[in-house]
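Here's the structure, in structure tokens; my notes come after.
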Amino acid sequence: MLDRTLPSQPALLARIPGVVVMLAVLNIGFAWASPGFLSLANLSNVLAQSSVLLILALPMTLVIMTEGLDLSIGAVLSLASVSLALVAVATGSLVLALIVGVAVGAACGAVNGWLVAWLRIPPFVATLGMFGVAQGLALAVSDGQSITGIPASVQAMYSGAMLGIPVPILLMLAAALAMHVLLYTTPFGTYVFALGGNREALAFAGISQRRILLCVYTLAGAMGGLAGLLLTARLNSGHPSAGIGMEFDAIAAVAVGGTSFERGNGWLPGTVLGVITIGVLRNGLNLIAIPSSLQVCCIGVLVILAFVFEAFSGVRRGEPR
Amino acid sequence: MSATTLPAPPRLALSSELMRISFRLLAVALLCVALSVASDAFANQANIMNVLRQSALLFFMASGLTLVVLTAGLDLSVGANIGLSACVAGTLMKSTGEPAYAVAAALGIGAAVGWLNGVLVAVLRIPSFIATYGMLWILHGLTYAYMAGSTVYGFPRGFRQFGNGFFLGVPIPVLVMLASLIALALFAGRTVWGQQIYAIGANPVAARLSGMPVRRRLMLVYTLSGLTAGLAALVFLARLNSAEADIGGSLTLPAIAAVLIGGTSLFGGVGTMFGTFVGTLLLTLVLNGMNLLQIDSRWQPLVTGVIIVAAVWIDIRTSGRKT
Amino acid sequence: MIIEQTNATTVLQSCGVPLLELRGISKSFPGVKALQDVSFSVWPGEVHMLLGENGAGKSTLMKVLCGAHQADEGAFLHRGEPVRIMSPTDARKLGIAVIFQEFSLVPYLDIADNIFLGRAPRGRIPGTLDRRLMLDEARRVLDLLGMDIDPRTKVHQLGIAQQQMVEIAKALSQNAGILVMDEPTAALSERESEQLFRVMARLKTQGVAIVYISHRMAEVFALGDRITVLRDGQRIRSLLPHEASPDALVQMMVGRSVDMTYPRHFGAPGETLLEISGLSAASGIRDIALTVRAGEIVGLCGLVGSGRTEVARAIFGADPITSGEVRVFGRIHHGGPEAAARLGVALIPESRKTEGLALNRSVADNIVSAGLPKLFSFGVFHPSRAREIARDIIARLSIATAGTQVAVGTLSGGNQQKVVIGKWLAAKARLFILDEPTRGIDIGAKAQIFALVDALVQAGAGVLMISSEQSEIVHVCDRAYVMRDKRIVGELQRGELSEQNIVLLGMHDA
């Protein structure tokens, strides 16, 4: 029998994370290519626009840490967006809209979690199916149209400010902080690490793997609902295709940020940096007039680079036994 | 247990395959009957021809995809591949007036994209669903950038015959579908390469230790998947007589569903080209039926999604495979 | 090596009740009786050595003790009270901690998190961990073990020895009364081992009992307060160190009546089929040199972890070589499995189900899988010809199967193994590398496998056979190499081939 040793690598801080390098390169590059890039207005614009993505990418980090994937989060966002928009228009209440959005998202997430944890369906299939379901429901609920007439209370979620700081940025900070606390200071967080790094350890400790998985996916769905609220506020309408493609950006942000898809190595700060990297990339490419379609290409290339980087940094094991 | 006792009960691989296909053919027949009853518009000549043409299109996407799924992989980029190939080929044909260039472009780009997928999966060892998912967006972006929102239309008449014409009373796409069905079925079932693909899907470690060139075969299946996407692009062009950036995107999920309900297992090593053919018919009938019953097309992704999850679940339950 | 021994055991034994007692424990798996009526007791503060060859039942016993498997029969007594161990939680409550060779640590969590996984103390803010308490406690147990390391270090940054210490710390923190360790020094250096022994001495003074599985005679005699020998799932004897000698222990470990004859026709060996010199690989094997000639069955022995499988894989090309030369049929072979198969080299891997067969595919498909390029010209595959080839192989090897189209997963272990060998026979292999060919195969089928191998070499093939069952090697092989610590330490010719010699060469003597 071959010896099986745990993979060891130099401490994360001992080698500069790839995402920091990428971010630095992009910033320097765009600052040189376009004078308007480094202005305060532009940078705060980048941050605000990244807020929705961050809210999606944070729980996606946890999902990926458990060796899973959530392809449905964009569609779930859309479904939440149209649902809460209807409620907001009907009642004018921000609170109700928030509750509905998060509830819808959490329900979808819970179904995902059930499919993955109890029916043992591979995550990408389960969430691919949910993608179709959520997309269909979103079109049905909205009748294929945008829902306009969003009340001011909801609009304020994006355009408002508290203590001079735009609300979306506050939300970003709050979400990042909350997720950080969850992952790094609670028992639940340690279980998420264990799900990816060594599931047997959970079995020996008497913890139910299924319940943890269910929570992870439900959380992703719920945050998708929250992101739906924010996006609705930003677009000033609920739209059934609001979230299309956002799951890709979220996955890209996590991958670029350095979270591994295989070993339970999650790095939330990396995800934050990854989100900002993508935001900077899009913003910078906009400024030099590259169409949005090609921007997606660049993000795709970044993801592949992130994988190649991981493969060649010697951390991945070779041919399994 | 002595060495001469027989294991019980024996599972005869061949006849179980026949049984599974028979079940599905039965389902096709039942569905046809049900649809004829449910809607007057089903059983007429025009609709049947339409169903056949549509299934040909879907089959081209699903056939190459079947080979990929046989190796326990997935190609989520087929739809976007069609989009890019169709747009480039269409633009080329419009500007030069030569269908031959379109054919070369579509097949060439399709295969090249497939080859790139193969590199990502077989050489860089990126999980196939992530690699092809990333490729999907890259292709999407390239296509949208290339077309810049415009549509190209109006192709030579001869070329359009490829999509709309008949030969001996049979729509040409259907003939091409049958031809490719036979060719790919022979490839999968009657060549050494095909056997190796099955073996790789069933147990890649054992395949490698039996001396099979796993990496080369993986690259082959992804390239073929891309090639058949290129073929599908040509049919799209011929039928729609136009090309725009989002062609093919809406057929990715149905293609996957067709492969899965045709009996090919997501876990690799099980499935046949003929099964995919029947699965394609089934799915096309379902979508056609939904149209005839005036169910809004926005429900199609939902139905397809449910079908996919159900098919995988049934596969897990009946084969007892652990994920 | 300075080891402290206390007389704690003798004192406590006179006090009456063992910490844990096993009575008549039995455990079977399909086709295999892993444990049969095993009884022994563990006293507080003693180091109880558990000896046995590969397959004697030690790892099954460990799994039963920690609750991962449930015993079929028998009883446990904890301090005289009957208890049941049905799950890991039960074992933990009884204070039993088992440290396997594969650790149950989460790599990207730190030491403190790992120590408290699943039972972490909550802090003042509801829901969060009380990190201060965790770190304090972690430091306390690490200190007890003499480890000066920050409990905030992530486990993946630790070396094997340190990770092992963390596992022990985990057990200590749960107030384990019994620590079961599986070959703990296998991956440790001399210095690290001494550190471990110091820790063990400290634990002993606190009344912790240690069940220690080892193959190293020096350790057994230096550390052990009592020794129990297992063989074939049964307890042979429990005794005190001064009542035994290394030779006597080996005798107990291997001594079995030869109840099988393996028919073997020994003849003069022919041309050299395999010649290896200076072979080293990334898997750790160093300077391997051996030869195999036509008509020979050459054995490759050694303990688990000595590097035998690594050698097999390096020869076949499944793992990359870092230096040295492999000559097959006179030609240098430095390619991968594809080249090896083409040349006529066959590998029958250790785990036939995961590496040798595609269980869901038919017998015929498996049989032709290694020889596809050779058996089918122009790349055209004929199912009928495949069936024909399969029928031929099935007949030649007497494979019991309902037909060529049956899924190979439904065959019995012995017949599955025959299919693996048959696959290479069909591929016209002439050099066979067999890795534990009779593992998990019942007695009757074993004889058939050996008859088969004998026929192979009679027909001119050469065989390199890895086996952990010394009796097999002794009866079947023309000669054998013995490995230890990833190197070859000796070659035994026919006349020198005995179980004693193999075991003695293969075990550490320092």
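By order in the structure tokens, chains are A, B, ...; within a chain, residues start at 1; ligands start at 1, following the order shown.
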
key: alpha helix (DSSP H) residues, from DSSP on the backbone, in stretch 287-414 of chain C, as a PyMOL selection string   = chain C and resi 308-316+337-343+363-368+372-375+383-397+413-414

Selected residues written out with N, CA and C atoms, as a tab-separated table (two decimals), in the first residue's frame:
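Writing the result to again-v1.tsv gives the following:
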```tsv
chain	number	residue	atom	x	y	z
C	308	ARG	N	6.90	-2.43	-1.96
C	308	ARG	CA	6.78	-3.45	-3.00
C	308	ARG	C	5.87	-3.01	-4.14
C	309	THR	N	4.70	-2.48	-3.77
C	309	THR	CA	3.79	-2.04	-4.81
C	309	THR	C	4.41	-0.92	-5.64
C	310	GLU	N	5.16	-0.06	-4.97
C	310	GLU	CA	5.81	1.03	-5.70
C	310	GLU	C	6.77	0.48	-6.74
C	311	VAL	N	7.48	-0.59	-6.40
C	311	VAL	CA	8.40	-1.19	-7.37
C	311	VAL	C	7.60	-1.74	-8.56
C	312	ALA	N	6.52	-2.44	-8.24
C	312	ALA	CA	5.70	-3.01	-9.31
C	312	ALA	C	5.22	-1.92	-10.26
C	313	ARG	N	4.72	-0.84	-9.69
C	313	ARG	CA	4.19	0.23	-10.53
C	313	ARG	C	5.29	0.91	-11.32
C	314	ALA	N	6.46	1.04	-10.70
C	314	ALA	CA	7.56	1.68	-11.43
C	314	ALA	C	7.99	0.83	-12.62
C	315	ILE	N	8.04	-0.48	-12.44
C	315	ILE	CA	8.42	-1.37	-13.54
C	315	ILE	C	7.42	-1.24	-14.67
C	316	PHE	N	6.14	-1.24	-14.32
C	316	PHE	CA	5.10	-1.22	-15.33
C	316	PHE	C	5.01	0.13	-16.02
C	337	PRO	N	2.22	2.83	-19.04
C	337	PRO	CA	1.53	1.55	-19.14
C	337	PRO	C	1.24	1.13	-20.58
C	338	GLU	N	1.03	2.11	-21.46
C	338	GLU	CA	0.70	1.76	-22.83
C	338	GLU	C	1.88	1.02	-23.48
C	339	ALA	N	3.09	1.59	-23.25
C	339	ALA	CA	4.28	0.95	-23.80
C	339	ALA	C	4.51	-0.41	-23.17
C	340	ALA	N	4.29	-0.48	-21.88
C	340	ALA	CA	4.52	-1.74	-21.17
C	340	ALA	C	3.62	-2.83	-21.73
C	341	ALA	N	2.35	-2.50	-21.93
C	341	ALA	CA	1.41	-3.50	-22.44
C	341	ALA	C	1.83	-3.95	-23.83
C	342	ARG	N	2.26	-2.99	-24.59
C	342	ARG	CA	2.66	-3.33	-25.96
C	342	ARG	C	3.86	-4.28	-25.96
C	343	LEU	N	4.78	-4.04	-25.04
C	343	LEU	CA	5.97	-4.89	-24.96
C	343	LEU	C	5.64	-6.29	-24.47
C	363	VAL	N	-17.65	-9.74	-18.82
C	363	VAL	CA	-16.42	-10.55	-18.72
C	363	VAL	C	-15.64	-10.45	-20.01
C	364	ALA	N	-16.34	-10.57	-21.13
C	364	ALA	CA	-15.67	-10.51	-22.43
C	364	ALA	C	-14.97	-9.17	-22.62
C	365	ASP	N	-15.67	-8.08	-22.31
C	365	ASP	CA	-15.08	-6.76	-22.49
C	365	ASP	C	-13.83	-6.60	-21.65
C	366	ASN	N	-13.88	-7.11	-20.44
C	366	ASN	CA	-12.70	-7.00	-19.59
C	366	ASN	C	-11.54	-7.84	-20.12
C	367	ILE	N	-11.88	-9.03	-20.60
C	367	ILE	CA	-10.81	-9.92	-21.04
C	367	ILE	C	-10.06	-9.36	-22.23
C	368	VAL	N	-10.76	-8.67	-23.12
C	368	VAL	CA	-10.05	-8.15	-24.30
C	368	VAL	C	-9.47	-6.76	-24.05
C	372	LEU	N	-6.58	-4.96	-26.84
C	372	LEU	CA	-7.38	-4.45	-27.96
C	372	LEU	C	-6.56	-4.16	-29.22
C	373	PRO	N	-5.45	-3.43	-29.10
C	373	PRO	CA	-4.71	-3.15	-30.34
C	373	PRO	C	-4.15	-4.43	-30.98
C	374	LYS	N	-3.78	-5.41	-30.13
C	374	LYS	CA	-3.16	-6.61	-30.69
C	374	LYS	C	-4.17	-7.58	-31.26
C	375	LEU	N	-5.36	-7.62	-30.68
C	375	LEU	CA	-6.31	-8.65	-31.05
C	375	LEU	C	-7.19	-8.24	-32.22
C	383	PRO	N	-17.61	-7.81	-31.74
C	383	PRO	CA	-18.06	-8.41	-30.48
C	383	PRO	C	-18.01	-9.93	-30.50
C	384	SER	N	-18.28	-10.50	-31.65
C	384	SER	CA	-18.29	-11.96	-31.71
C	384	SER	C	-16.89	-12.51	-31.49
C	385	ARG	N	-15.90	-11.85	-32.07
C	385	ARG	CA	-14.53	-12.31	-31.87
C	385	ARG	C	-14.11	-12.12	-30.42
C	386	ALA	N	-14.59	-11.01	-29.82
C	386	ALA	CA	-14.29	-10.77	-28.41
C	386	ALA	C	-14.86	-11.89	-27.56
C	387	ARG	N	-16.07	-12.30	-27.89
C	387	ARG	CA	-16.70	-13.37	-27.12
C	387	ARG	C	-15.91	-14.66	-27.29
C	388	GLU	N	-15.44	-14.87	-28.54
C	388	GLU	CA	-14.69	-16.09	-28.81
C	388	GLU	C	-13.40	-16.12	-28.00
C	389	ILE	N	-12.69	-14.99	-28.02
C	389	ILE	CA	-11.45	-14.91	-27.23
C	389	ILE	C	-11.76	-15.13	-25.76
C	390	ALA	N	-12.86	-14.54	-25.31
C	390	ALA	CA	-13.22	-14.68	-23.91
C	390	ALA	C	-13.52	-16.14	-23.57
C	391	ARG	N	-14.25	-16.79	-24.46
C	391	ARG	CA	-14.58	-18.20	-24.18
C	391	ARG	C	-13.32	-19.03	-24.07
C	392	ASP	N	-12.37	-18.73	-24.92
C	392	ASP	CA	-11.11	-19.45	-24.90
C	392	ASP	C	-10.39	-19.27	-23.56
C	393	ILE	N	-10.30	-18.03	-23.15
C	393	ILE	CA	-9.63	-17.73	-21.88
C	393	ILE	C	-10.39	-18.35	-20.71
C	394	ILE	N	-11.71	-18.24	-20.75
C	394	ILE	CA	-12.52	-18.81	-19.68
C	394	ILE	C	-12.27	-20.29	-19.55
C	395	ALA	N	-12.14	-20.93	-20.70
C	395	ALA	CA	-11.90	-22.38	-20.66
C	395	ALA	C	-10.50	-22.67	-20.14
C	396	ARG	N	-9.53	-21.95	-20.67
C	396	ARG	CA	-8.15	-22.23	-20.26
C	396	ARG	C	-7.93	-22.00	-18.77
C	397	LEU	N	-8.60	-20.98	-18.22
C	397	LEU	CA	-8.37	-20.65	-16.82
C	397	LEU	C	-9.46	-21.19	-15.90
C	413	GLY	N	-14.49	-13.42	-6.01
C	413	GLY	CA	-13.17	-12.81	-5.99
C	413	GLY	C	-12.14	-13.59	-6.77
C	414	GLY	N	-12.15	-14.90	-6.58
C	414	GLY	CA	-11.17	-15.73	-7.27
C	414	GLY	C	-11.35	-15.67	-8.78
```

Using only C-alpha atoms, select each residue of chain C with any atom at most 7 Å away from an atom of chain A, and give the selection as a CSV table (one decimal) with N, CA and C atoms, in the first residue's frame.
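Writing done, so here's selection_12.csv:
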```csv
chain,number,residue,atom,x,y,z
C,88,PRO,N,-18.6,5.3,16.8
C,88,PRO,CA,-17.5,6.1,17.3
C,88,PRO,C,-17.8,6.9,18.6
C,89,THR,N,-19.0,7.3,18.7
C,89,THR,CA,-19.4,8.1,19.9
C,89,THR,C,-19.3,7.2,21.2
C,102,GLU,N,-3.8,6.5,8.6
C,102,GLU,CA,-4.3,7.7,7.9
C,102,GLU,C,-5.1,8.5,9.0
C,104,SER,N,-7.3,11.3,11.0
C,104,SER,CA,-8.6,11.9,10.8
C,104,SER,C,-8.5,13.4,11.2
C,105,LEU,N,-7.6,14.1,10.5
C,105,LEU,CA,-7.4,15.5,10.8
C,105,LEU,C,-7.9,16.3,9.6
C,106,VAL,N,-8.4,17.5,9.8
C,106,VAL,CA,-8.8,18.4,8.7
C,106,VAL,C,-7.7,19.3,8.4
C,107,PRO,N,-7.2,19.2,7.2
C,107,PRO,CA,-5.9,19.8,6.9
C,107,PRO,C,-5.9,21.3,7.0
C,108,TYR,N,-7.0,22.0,6.7
C,108,TYR,CA,-6.9,23.5,6.7
C,108,TYR,C,-7.5,24.1,7.9
C,109,LEU,N,-7.7,23.3,8.9
C,109,LEU,CA,-8.0,23.9,10.2
C,109,LEU,C,-6.8,23.8,11.1
C,117,LEU,N,-12.9,19.2,17.3
C,117,LEU,CA,-13.9,19.1,16.2
C,117,LEU,C,-15.1,18.3,16.7
C,118,GLY,N,-16.2,19.0,16.7
C,118,GLY,CA,-17.5,18.3,17.1
C,118,GLY,C,-17.8,18.5,18.5
C,120,ALA,N,-16.6,21.5,20.4
C,120,ALA,CA,-16.0,22.7,20.7
C,120,ALA,C,-16.7,23.5,21.8
C,127,GLY,N,-23.1,31.2,19.7
C,127,GLY,CA,-22.8,30.6,18.4
C,127,GLY,C,-21.3,30.5,18.0
C,128,THR,N,-20.5,31.4,18.6
C,128,THR,CA,-19.1,31.4,18.3
C,128,THR,C,-18.3,30.5,19.2
C,129,LEU,N,-17.1,30.2,18.8
C,129,LEU,CA,-16.3,29.3,19.6
C,129,LEU,C,-15.5,30.1,20.7
C,156,HIS,N,-2.1,21.2,8.0
C,156,HIS,CA,-1.4,20.8,6.7
C,156,HIS,C,0.0,21.3,6.7
C,157,GLN,N,0.3,22.2,7.6
C,157,GLN,CA,1.7,22.7,7.6
C,157,GLN,C,2.6,21.8,8.5
C,304,VAL,N,4.0,-4.2,4.9
C,304,VAL,CA,3.2,-3.1,4.3
C,304,VAL,C,3.9,-1.8,4.4
C,305,GLY,N,4.1,-1.1,3.3
C,305,GLY,CA,4.8,0.1,3.4
C,305,GLY,C,6.3,0.0,3.0
C,309,THR,N,4.7,-2.5,-3.8
C,309,THR,CA,3.8,-2.0,-4.8
C,309,THR,C,4.4,-0.9,-5.6
```

request  = Can you work out which one of B:Gln54, B:Gln195, B:Asn291, B:Ser297 has the shortest atom-to-atom distance to chain A, counting only C-alpha atoms?
outcome  = B:Ser297

Tell me, counting only C-alpha atoms, for each residue of chain A within 7 Å of chain B, which pair of atoms is nearest and how far apart they are in Å to one decimal, in rows ordered by chain and increasing number, as CSV.
```
residue,atom,partner,partner_atom,distance
A:Arg120,CA,B:Thr323,CA,6.5
A:Ile121,CA,B:Trp313,CA,6.5
A:Pro122,CA,B:Thr323,CA,6.8
A:Val125,CA,B:Val309,CA,6.6
A:Ala126,CA,B:Val309,CA,6.1
A:Leu128,CA,B:Gly305,CA,6.8
A:Gly129,CA,B:Gly305,CA,3.8
A:Met130,CA,B:Gly305,CA,6.5
A:Gly132,CA,B:Leu302,CA,4.4
A:Val133,CA,B:Leu302,CA,3.9
A:Gln135,CA,B:Leu302,CA,6.8
A:Gly136,CA,B:Trp299,CA,4.9
A:Leu139,CA,B:Arg298,CA,6.0
A:Ala140,CA,B:Arg298,CA,7.0
A:Pro291,CA,B:Ala145,CA,6.6
A:Ser293,CA,B:Gly141,CA,4.0
A:Leu294,CA,B:Gly141,CA,4.9
A:Val296,CA,B:Gly141,CA,5.5
A:Cys297,CA,B:Ile138,CA,4.1
A:Gly300,CA,B:Gly134,CA,5.3
A:Val308,CA,B:Leu124,CA,6.9
```

message = Using only C-alpha atoms, which protein or nucleic acid residues come within 9 Å of B:Ala207? Drop anything in the same chain fewer than 5 positions from it, and give the result as an MDAnalysis selection string.
response = (chainID B and resid 196 199:202 212:214) or (chainID C and resid 355:358 369:370)

Please list as a compact mmCIF listing (two decimals) with N, CA and C atoms, in the first residue's frame every residue within 9 Å of B:Phe159, counting only C-alpha atoms and excluding residues in the same chain fewer than 5 positions away.
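Below is the file that was written, part29.txt:
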```txt
# COMPACT_ATOMS: atom_id res chain seq x y z
N PRO B 99 -21.00 28.32 -49.84
CA PRO B 99 -21.34 27.44 -48.72
C PRO B 99 -20.17 26.59 -48.25
N LEU B 237 -28.05 27.00 -39.39
CA LEU B 237 -27.96 28.02 -40.44
C LEU B 237 -28.92 27.72 -41.57
N ALA B 238 -28.93 26.44 -41.97
CA ALA B 238 -29.76 26.09 -43.11
C ALA B 238 -31.24 26.24 -42.81
```

task = Excluding A:Ile244 and any residue of its chain fewer than 6 positions from it, enumerate the residues within 9 Å of it, using only C-alpha atoms, and give them as a VMD selection string.
result = chain A and resid 74 to 75 77 to 78

task = Using atom CA of C:Ser189 and atom CA of C:Ile502 as the two end points, give the distance in Å to one decimal.
result =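 According to the coordinates, atom CA of C:Ser189 and atom CA of C:Ile502 are separated by 24.1 Å.
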
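Near B:Gly154, within 7 Å and counting only C-alpha atoms, sit Pro156, Asn241 and Ser242 of chain B; same-chain residues fewer than 2 positions away were not included.
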
task = Apply DSSP to the structure's backbone, then extract all residues of stretch 51-281 of chain A labelled strand (DSSP E) and return them as a list of chain:residue names.
result = A:Ala161, A:Met162, A:Ile165, A:Pro166

Those residues with N, CA and C atoms, as a compact mmCIF listing (two decimals), in the first residue's frame please?
```
# COMPACT_ATOMS: atom_id res chain seq x y z
N ALA A 161 -27.63 56.18 1.34
CA ALA A 161 -26.35 56.15 2.05
C ALA A 161 -26.60 56.34 3.52
N MET A 162 -25.74 55.73 4.34
CA MET A 162 -25.83 55.92 5.78
C MET A 162 -24.48 56.40 6.28
N ILE A 165 -21.77 56.67 3.76
CA ILE A 165 -21.30 55.51 2.98
C ILE A 165 -22.48 54.90 2.25
N PRO A 166 -22.31 54.67 0.95
CA PRO A 166 -23.42 54.08 0.19
C PRO A 166 -23.87 52.76 0.81
```

What's the 12 Å shell around stretch 332-334 of chain C, counting only C-alpha atoms, without same-chain residues fewer than 5 positions away, as a PDB file with N, CA and C atoms, in the first residue's frame?
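Saved the output as around.pdb:
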```
ATOM      1  N   LEU C 273      14.074 -12.035 -18.596  1.00  0.00           N
ATOM      2  CA  LEU C 273      12.973 -11.247 -19.143  1.00  0.00           C
ATOM      3  C   LEU C 273      12.969  -9.835 -18.584  1.00  0.00           C
ATOM      4  N   LEU C 274      13.350  -9.720 -17.320  1.00  0.00           N
ATOM      5  CA  LEU C 274      13.304  -8.415 -16.666  1.00  0.00           C
ATOM      6  C   LEU C 274      14.607  -8.193 -15.935  1.00  0.00           C
ATOM      7  N   GLU C 275      15.178  -7.029 -16.148  1.00  0.00           N
ATOM      8  CA  GLU C 275      16.410  -6.708 -15.449  1.00  0.00           C
ATOM      9  C   GLU C 275      16.332  -5.247 -15.017  1.00  0.00           C
ATOM     10  N   ILE C 276      16.429  -5.023 -13.711  1.00  0.00           N
ATOM     11  CA  ILE C 276      16.333  -3.664 -13.188  1.00  0.00           C
ATOM     12  C   ILE C 276      17.624  -3.328 -12.471  1.00  0.00           C
ATOM     13  N   SER C 277      18.098  -2.099 -12.677  1.00  0.00           N
ATOM     14  CA  SER C 277      19.287  -1.695 -11.929  1.00  0.00           C
ATOM     15  C   SER C 277      19.139  -0.249 -11.493  1.00  0.00           C
ATOM     16  N   LEU C 279      17.146   1.419  -9.738  1.00  0.00           N
ATOM     17  CA  LEU C 279      15.850   2.072  -9.947  1.00  0.00           C
ATOM     18  C   LEU C 279      15.425   2.884  -8.733  1.00  0.00           C
ATOM     19  N   ALA C 314       6.464   1.036 -10.703  1.00  0.00           N
ATOM     20  CA  ALA C 314       7.559   1.683 -11.430  1.00  0.00           C
ATOM     21  C   ALA C 314       7.986   0.826 -12.619  1.00  0.00           C
ATOM     22  N   ILE C 315       8.044  -0.483 -12.435  1.00  0.00           N
ATOM     23  CA  ILE C 315       8.422  -1.366 -13.541  1.00  0.00           C
ATOM     24  C   ILE C 315       7.417  -1.241 -14.673  1.00  0.00           C
ATOM     25  N   PHE C 316       6.141  -1.236 -14.319  1.00  0.00           N
ATOM     26  CA  PHE C 316       5.102  -1.217 -15.326  1.00  0.00           C
ATOM     27  C   PHE C 316       5.007   0.133 -16.016  1.00  0.00           C
ATOM     28  N   GLY C 317       5.504   1.156 -15.325  1.00  0.00           N
ATOM     29  CA  GLY C 317       5.403   2.478 -15.915  1.00  0.00           C
ATOM     30  C   GLY C 317       4.229   3.279 -15.393  1.00  0.00           C
ATOM     31  N   ALA C 318       3.569   2.757 -14.380  1.00  0.00           N
ATOM     32  CA  ALA C 318       2.414   3.484 -13.844  1.00  0.00           C
ATOM     33  C   ALA C 318       2.852   4.703 -13.038  1.00  0.00           C
ATOM     34  N   ASP C 319       4.051   4.638 -12.464  1.00  0.00           N
ATOM     35  CA  ASP C 319       4.604   5.786 -11.757  1.00  0.00           C
ATOM     36  C   ASP C 319       5.896   6.197 -12.438  1.00  0.00           C
ATOM     37  N   PRO C 320       6.217   7.492 -12.402  1.00  0.00           N
ATOM     38  CA  PRO C 320       7.439   7.910 -13.097  1.00  0.00           C
ATOM     39  C   PRO C 320       8.700   7.512 -12.323  1.00  0.00           C
ATOM     40  N   ILE C 321       9.734   7.230 -13.079  1.00  0.00           N
ATOM     41  CA  ILE C 321      11.023   6.819 -12.515  1.00  0.00           C
ATOM     42  C   ILE C 321      11.933   8.037 -12.445  1.00  0.00           C
ATOM     43  N   THR C 322      12.702   8.138 -11.358  1.00  0.00           N
ATOM     44  CA  THR C 322      13.633   9.266 -11.296  1.00  0.00           C
ATOM     45  C   THR C 322      15.034   8.880 -11.719  1.00  0.00           C
ATOM     46  N   SER C 323      15.378   7.621 -11.526  1.00  0.00           N
ATOM     47  CA  SER C 323      16.685   7.211 -12.040  1.00  0.00           C
ATOM     48  C   SER C 323      16.700   5.693 -12.144  1.00  0.00           C
ATOM     49  N   GLY C 324      17.663   5.199 -12.876  1.00  0.00           N
ATOM     50  CA  GLY C 324      17.785   3.752 -12.991  1.00  0.00           C
ATOM     51  C   GLY C 324      17.260   3.259 -14.308  1.00  0.00           C
ATOM     52  N   GLU C 325      17.327   1.952 -14.498  1.00  0.00           N
ATOM     53  CA  GLU C 325      17.014   1.378 -15.792  1.00  0.00           C
ATOM     54  C   GLU C 325      16.142   0.148 -15.639  1.00  0.00           C
ATOM     55  N   VAL C 326      15.166   0.044 -16.499  1.00  0.00           N
ATOM     56  CA  VAL C 326      14.310  -1.135 -16.537  1.00  0.00           C
ATOM     57  C   VAL C 326      14.469  -1.769 -17.911  1.00  0.00           C
ATOM     58  N   ARG C 327      14.963  -2.994 -17.943  1.00  0.00           N
ATOM     59  CA  ARG C 327      15.120  -3.681 -19.218  1.00  0.00           C
ATOM     60  C   ARG C 327      14.134  -4.833 -19.298  1.00  0.00           C
ATOM     61  N   ALA C 339       3.087   1.593 -23.250  1.00  0.00           N
ATOM     62  CA  ALA C 339       4.276   0.948 -23.805  1.00  0.00           C
ATOM     63  C   ALA C 339       4.511  -0.409 -23.165  1.00  0.00           C
ATOM     64  N   ALA C 340       4.291  -0.475 -21.880  1.00  0.00           N
ATOM     65  CA  ALA C 340       4.516  -1.741 -21.172  1.00  0.00           C
ATOM     66  C   ALA C 340       3.620  -2.832 -21.733  1.00  0.00           C
ATOM     67  N   ALA C 341       2.348  -2.499 -21.925  1.00  0.00           N
ATOM     68  CA  ALA C 341       1.414  -3.499 -22.439  1.00  0.00           C
ATOM     69  C   ALA C 341       1.830  -3.947 -23.833  1.00  0.00           C
ATOM     70  N   ARG C 342       2.264  -2.992 -24.592  1.00  0.00           N
ATOM     71  CA  ARG C 342       2.663  -3.334 -25.958  1.00  0.00           C
ATOM     72  C   ARG C 342       3.865  -4.279 -25.957  1.00  0.00           C
ATOM     73  N   LEU C 343       4.782  -4.037 -25.038  1.00  0.00           N
ATOM     74  CA  LEU C 343       5.970  -4.889 -24.965  1.00  0.00           C
ATOM     75  C   LEU C 343       5.644  -6.288 -24.470  1.00  0.00           C
ATOM     76  N   GLY C 344       4.570  -6.403 -23.725  1.00  0.00           N
ATOM     77  CA  GLY C 344       4.228  -7.722 -23.199  1.00  0.00           C
ATOM     78  C   GLY C 344       4.388  -7.833 -21.695  1.00  0.00           C
ATOM     79  N   VAL C 345       4.352  -6.686 -21.019  1.00  0.00           N
ATOM     80  CA  VAL C 345       4.429  -6.697 -19.562  1.00  0.00           C
ATOM     81  C   VAL C 345       3.014  -6.566 -19.006  1.00  0.00           C
TER      82      VAL C 345
END
```
